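A.B. asks: One structure coming up, written as structure tokens, with questions to follow.
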Protein chains: 2
Amino acid sequence: MRHLKDYDFIDAVIRAGSIRKASEDMNITASALNRRINRFEEEFGYEIFERLPRGVRLNPAGELLLHHIRAHRSDFARLKSQVSDLSGVRRGHVSIACSQALLPYFLPRAIARYRSEHPGVTFTVNPRDRVAAERELSEFASDIALVFEPLTMVDFEVVFAIAQPIHAVMRAGHPLADQTEVRLRDVLRYPHVAPSEKLAVRALLEVAARRLTSVDLSPLVESESFDFMRHYGACEDAISFQFPIGLDMEQQPALVARPLAARDVAPGNLLLGQLRGRTLPVASARFLRELISALRALSP
Amino acid sequence: MRHLKDYDFIDAVIRAGSIRKASEDMNITASALNRRINRFEEEFGYEIFERLPRGVRLNPAGELLLHHIRAHRSDFARLKSQVSDLSGVRRGHVSIACSQALLPYFLPRAIARYRSEHPGVTFTVNPRDRVAAERELSEFASDIALVFEPLTMVDFEVVFAIAQPIHAVMRAGHPLADQTEVRLRDVLRYPHVAPSEKLAVRALLEVAARRLTSVDLSPLVESESFDFMRHYGACEDAISFQFPIGLDMEQQPALVARPLAARDVAPGNLLLGQLRGRTLPVASARFLRELISALRALSP
DNA sequence: AAAAGCGGTGCGCTTGCTGCACCACACCCG
DNA sequence: CGGGTGTGGTGCAGCAAGCGCACCGCTTTT
């Protein structure tokens, strides 16, 4: 859109960090871009960039403007999706930031089910840790977040919440496999792998393990990737940990998953959320409702 | 701002109802304006106007666009106010739609107190009935509404609420003046004046009077203006009705105000609100907080 | 001291927007 | 029924805004 050109150019300069670099990205001369920036600042009434020897950087006023630009772009996209919606087209794009546990089963199935009814809607799904997911929401880079135990919650508006007890995953013949639920101290006596610190499973395990005296959380292998840890379980007889929404045990007859006793380890809270106060595009809003009913079907 | 020109032109066409009339308002040729509109529709991908023999009218897509334009303009004003705020200027404008009862004492005092600390902030205060106030919020024509008993509440986000029992205002020597509270049936036996149907006081009185059998609500004089009714009380010995926030009895020693018994007439709810989900400009947001504390000081 | 990178500027040139005149059409009213 | 008046739309010529090019002054790097 023509009238958003200034916003686009400003955004490009912010990303590139210098007018000259941005001018190459936008296929325009540095001088022309420079003049557009200067003219905008003049009309706006305030400088938005600090001029540095090696480029430009946003000043506080520019930070506010940047947020306005992002919000307006998202608003405009929502407007177009609303308009195409009332002409019956059912198009749109939904971008989701989620915890890893949602990647293998839950989200693919939910999205496929939704797309079977609305083939015009496209999706972006990115695994993000709790901090990154919240940041993406506030930068309008993602419409929806579905993460375990988000931290700050200032811009995160919870739409639906569901508790998920951590499960210990082991081979079917493991000594603990015949119990319906397992105690943390028993599990930690066996070789185990664990996710890295920034993941919610690890944080919950750490809190719980600190209450134990006889045993420690001492993983053989640490990883940010649950995918990797699942495959590692096939190579060495070690217990791994995962939320049940990330498991589909029928597909893996050689493994069993047993919940950790609730009195040992607090369950993880899976929170579905969006940017506080934001009105989502129609496609995203509708898919959000689908997610809520899918999650509600999971909870007892 | 240059990049908002298209929005301004579109808004002008909407207001004028025809491209030619709008072109005069905007000091541009009709042909140029026509081309701008056509170009915008082409880039936007959808028509936004219905072409009629006597002019143009918005289609549903245009209605959505109009709301986007209004929202964006308000957002941009908020951005500028935030920016000037961080450069320490403390400027801004606050527009308020309110019930009449707030006009004589409450709002003038609150605004004067606020302006004594922030002289750069200007105000618009307009009396509006409940329906009009809600409409102004959703059209971004007012930032804040302070009204009794709003009706639909779909776009009205309540920020603070306070109950106000209706008071009967009479001359000091009136037969009912020695009671601490008065019964509705007693009041209605005396000559009385009442506001017109669209005002909250009247609506509450009607509901209460319908429960009575012996007496009726039969005002000698009806008016939309409480100001008029107050002055009328000086000419004829009649009882009038008003919320206490609109009264300052110390200034009128010849009159007394007595609350109607709560078991006879439900108190009016004075609701302070804004457009649902909207982020107000800094000046408005700050004044809103002042209003909340002023109202809280009133409530027992 | 030279080179490289940065933002800013003067100057022709092209592109795109404007204004004018005019068209086709619908409605109103005598 | 037929002209008058209003509407949105269009072809064309002129003009202003924005562009690319070359260059400047500055700081940092080498």
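By convention here, the chains of the structure tokens are called A, B, ... in the order presented, each chain's residues are numbered starting at 1, and ligands are numbered starting at 1 in the order presented.
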Could you write out, as a ChimeraX atom specification, all the residues of range 45-282 of chain A that DSSP marks as strand (DSSP E)?
C.D. replies: /A:49-52,55-58,92-98,121-127,144-148,156-164,167-171,194-195,222-223,240-242,255-259,268-275
A.B. asks: Kindly determine which residues of chain B lie within 10 Å of chain A, considering only C-alpha atoms, and give the answer as a PyMOL selection string.
C.D. replies: chain B and resi 1-7+39-40+42-46+48+60-65+67-69+71-72+75-76+78-80+82-87+276-279
A.B. asks: Give me, as a count of residues only, the residues of chain A touching chain C, with the criterion being at most 8 Å (counting only C-alpha atoms (C1' of nucleotides)).
C.D. replies: 5
A.B. asks: Chain D residues within 10 Å of chain A, counting only C-alpha atoms (C1' of nucleotides): which ones, as a list of chain:residue names?
C.D. replies: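 The complete set of qualifying residues is D:DG18, D:DC19, D:DG20, D:DC21, D:DC26, D:DT27, D:DT28.
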A.B. asks: Give me, please, the distance in Å between CA of Ile10 in chain A and CA of Asn38 in chain A, quoted to one decimal.
C.D. replies: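 We find that CA of Ile10 in chain A and CA of Asn38 in chain A lie 10.6 Å from each other.
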A.B. asks: Write out as a PDB file with N, CA and C atoms, in the first residue's frame each polymer residue whose atoms come within 7 Å of range 119-135 of chain B, counting only C-alpha atoms (C1' of nucleotides); drop sequence neighbours fewer than 2 positions from it.
C.D. replies:
ATOM      1  N   ARG B  90       4.228  17.738  28.422  1.00  0.00           N
ATOM      2  CA  ARG B  90       2.944  17.605  29.115  1.00  0.00           C
ATOM      3  C   ARG B  90       1.827  18.343  28.398  1.00  0.00           C
ATOM      4  N   ARG B  91       1.645  17.953  27.150  1.00  0.00           N
ATOM      5  CA  ARG B  91       0.534  18.514  26.404  1.00  0.00           C
ATOM      6  C   ARG B  91      -0.498  17.435  26.174  1.00  0.00           C
ATOM      7  N   GLY B  92      -1.564  17.796  25.513  1.00  0.00           N
ATOM      8  CA  GLY B  92      -2.547  16.805  25.169  1.00  0.00           C
ATOM      9  C   GLY B  92      -3.936  17.388  25.204  1.00  0.00           C
ATOM     10  N   HIS B  93      -4.891  16.571  24.767  1.00  0.00           N
ATOM     11  CA  HIS B  93      -6.273  17.013  24.775  1.00  0.00           C
ATOM     12  C   HIS B  93      -7.144  15.861  25.263  1.00  0.00           C
ATOM     13  N   VAL B  94      -8.105  16.191  26.091  1.00  0.00           N
ATOM     14  CA  VAL B  94      -9.014  15.191  26.638  1.00  0.00           C
ATOM     15  C   VAL B  94     -10.426  15.570  26.241  1.00  0.00           C
ATOM     16  N   SER B  95     -11.149  14.619  25.618  1.00  0.00           N
ATOM     17  CA  SER B  95     -12.535  14.912  25.267  1.00  0.00           C
ATOM     18  C   SER B  95     -13.452  13.991  26.054  1.00  0.00           C
ATOM     19  N   ILE B  96     -14.485  14.585  26.639  1.00  0.00           N
ATOM     20  CA  ILE B  96     -15.349  13.879  27.578  1.00  0.00           C
ATOM     21  C   ILE B  96     -16.797  14.041  27.153  1.00  0.00           C
ATOM     22  N   ALA B  97     -17.524  12.938  27.149  1.00  0.00           N
ATOM     23  CA  ALA B  97     -18.978  12.977  26.979  1.00  0.00           C
ATOM     24  C   ALA B  97     -19.588  12.598  28.319  1.00  0.00           C
ATOM     25  N   CYS B  98     -20.506  13.422  28.839  1.00  0.00           N
ATOM     26  CA  CYS B  98     -20.991  13.165  30.193  1.00  0.00           C
ATOM     27  C   CYS B  98     -22.463  13.514  30.338  1.00  0.00           C
ATOM     28  N   SER B  99     -23.045  12.951  31.375  1.00  0.00           N
ATOM     29  CA  SER B  99     -24.415  13.313  31.736  1.00  0.00           C
ATOM     30  C   SER B  99     -24.444  14.744  32.268  1.00  0.00           C
ATOM     31  N   GLN B 100     -25.628  15.349  32.202  1.00  0.00           N
ATOM     32  CA  GLN B 100     -25.754  16.750  32.610  1.00  0.00           C
ATOM     33  C   GLN B 100     -25.372  16.987  34.065  1.00  0.00           C
ATOM     34  N   ARG B 115      -5.911  20.815  35.590  1.00  0.00           N
ATOM     35  CA  ARG B 115      -5.214  21.793  34.757  1.00  0.00           C
ATOM     36  C   ARG B 115      -4.264  22.678  35.562  1.00  0.00           C
ATOM     37  N   SER B 116      -4.500  22.789  36.856  1.00  0.00           N
ATOM     38  CA  SER B 116      -3.573  23.583  37.666  1.00  0.00           C
ATOM     39  C   SER B 116      -2.210  22.904  37.723  1.00  0.00           C
ATOM     40  N   GLU B 117      -2.203  21.567  37.553  1.00  0.00           N
ATOM     41  CA  GLU B 117      -0.911  20.864  37.530  1.00  0.00           C
ATOM     42  C   GLU B 117      -0.390  20.674  36.113  1.00  0.00           C
ATOM     43  N   LEU B 137     -17.959   7.306  21.876  1.00  0.00           N
ATOM     44  CA  LEU B 137     -16.783   6.500  22.232  1.00  0.00           C
ATOM     45  C   LEU B 137     -16.366   5.633  21.059  1.00  0.00           C
ATOM     46  N   SER B 138     -17.325   4.942  20.463  1.00  0.00           N
ATOM     47  CA  SER B 138     -16.950   3.983  19.427  1.00  0.00           C
ATOM     48  C   SER B 138     -16.530   4.676  18.144  1.00  0.00           C
ATOM     49  N   GLU B 139     -16.877   5.951  17.998  1.00  0.00           N
ATOM     50  CA  GLU B 139     -16.411   6.707  16.830  1.00  0.00           C
ATOM     51  C   GLU B 139     -15.141   7.490  17.128  1.00  0.00           C
ATOM     52  N   ALA B 145     -16.220   8.663  28.806  1.00  0.00           N
ATOM     53  CA  ALA B 145     -17.638   8.928  29.028  1.00  0.00           C
ATOM     54  C   ALA B 145     -17.927   8.763  30.512  1.00  0.00           C
ATOM     55  N   VAL B 147     -21.449   8.680  32.426  1.00  0.00           N
ATOM     56  CA  VAL B 147     -22.896   8.770  32.234  1.00  0.00           C
ATOM     57  C   VAL B 147     -23.631   7.854  33.203  1.00  0.00           C
ATOM     58  N   PHE B 148     -24.892   8.196  33.451  1.00  0.00           N
ATOM     59  CA  PHE B 148     -25.752   7.364  34.264  1.00  0.00           C
ATOM     60  C   PHE B 148     -26.397   6.299  33.408  1.00  0.00           C
ATOM     61  N   PRO B 150     -25.765   3.651  31.271  1.00  0.00           N
ATOM     62  CA  PRO B 150     -25.658   3.415  29.821  1.00  0.00           C
ATOM     63  C   PRO B 150     -26.398   2.141  29.439  1.00  0.00           C
ATOM     64  N   LEU B 151     -26.805   2.064  28.170  1.00  0.00           N
ATOM     65  CA  LEU B 151     -27.738   1.003  27.795  1.00  0.00           C
ATOM     66  C   LEU B 151     -27.082  -0.246  27.235  1.00  0.00           C
ATOM     67  N   PHE B 156     -18.638  -0.292  25.615  1.00  0.00           N
ATOM     68  CA  PHE B 156     -18.413   0.555  26.790  1.00  0.00           C
ATOM     69  C   PHE B 156     -17.695  -0.260  27.855  1.00  0.00           C
ATOM     70  N   LEU B 199     -33.596  10.510  29.670  1.00  0.00           N
ATOM     71  CA  LEU B 199     -32.623  10.702  30.741  1.00  0.00           C
ATOM     72  C   LEU B 199     -32.811   9.650  31.829  1.00  0.00           C
TER      73      LEU B 199
END
A.B. asks: List the spatial neighbours of Leu205 in chain B as a compact mmCIF listing (two decimals) with C-alpha atoms, in the first residue's frame - criterion: any atom at most 12 Å away, only C-alpha atoms (C1' of nucleotides), same-chain residues fewer than 4 positions off excluded.
C.D. replies:
# COMPACT_ATOMS: atom_id res chain seq x y z
CA PRO B 165 -29.62 7.72 44.95
CA ILE B 166 -31.96 10.19 43.30
CA HIS B 167 -32.62 13.24 45.46
CA ALA B 168 -35.82 15.26 45.59
CA LEU B 184 -41.78 8.37 46.39
CA ARG B 185 -45.55 8.26 46.94
CA VAL B 187 -43.28 13.26 46.70
CA LEU B 188 -45.56 12.53 43.78
CA VAL B 193 -41.09 18.54 37.48
CA ALA B 194 -39.21 15.74 35.76
CA PRO B 195 -36.62 15.23 33.05
CA SER B 196 -37.65 13.83 29.67
CA GLU B 197 -37.78 10.13 28.86
CA LYS B 198 -34.31 9.65 27.52
CA LEU B 199 -32.62 10.70 30.74
CA ALA B 200 -31.71 8.18 33.39
CA VAL B 201 -33.48 9.95 36.28
CA ALA B 209 -43.76 4.79 39.90
CA ARG B 210 -45.22 1.87 37.97
CA ARG B 211 -45.21 -0.12 41.23
CA LEU B 212 -47.38 2.48 42.95
CA ASP B 216 -48.72 8.74 39.30
CA LEU B 217 -45.66 10.42 37.89
CA SER B 218 -47.27 13.49 36.35
CA PRO B 219 -44.78 16.30 35.98
CA SER B 240 -37.44 18.42 41.09
CA PHE B 241 -35.15 15.41 40.92
CA GLN B 242 -31.41 15.19 40.55
CA LEU B 260 -35.65 9.12 47.84
CA ALA B 261 -35.99 5.96 49.94
CA ALA B 262 -33.90 3.18 48.46
CA ASP B 264 -38.87 2.93 46.55
CA VAL B 265 -36.45 3.96 43.81
CA ALA B 266 -33.30 2.16 42.71
CA PRO B 267 -30.21 4.37 42.84
CA GLY B 268 -28.70 5.45 39.53
A.B. asks: Rounded to one decimal, what separation in Å do you get between CA of Arg171 in chain B and CA of Gly233 in chain B?
C.D. replies: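 These atoms are spaced 8.0 Å apart.
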A.B. asks: From a DSSP calculation on the backbone, collect every residue of range 50-209 of chain A in helix (DSSP H, G or I) and output the set as a ChimeraX atom specification.
C.D. replies: /A:60-86,100-102,106-117,130-138,184-189,200-209
A.B. asks: Which value, in Å to one decimal, gives the distance between CA of Glu157 in chain A and CA of Ala297 in chain A?
C.D. replies: 21.3 Å
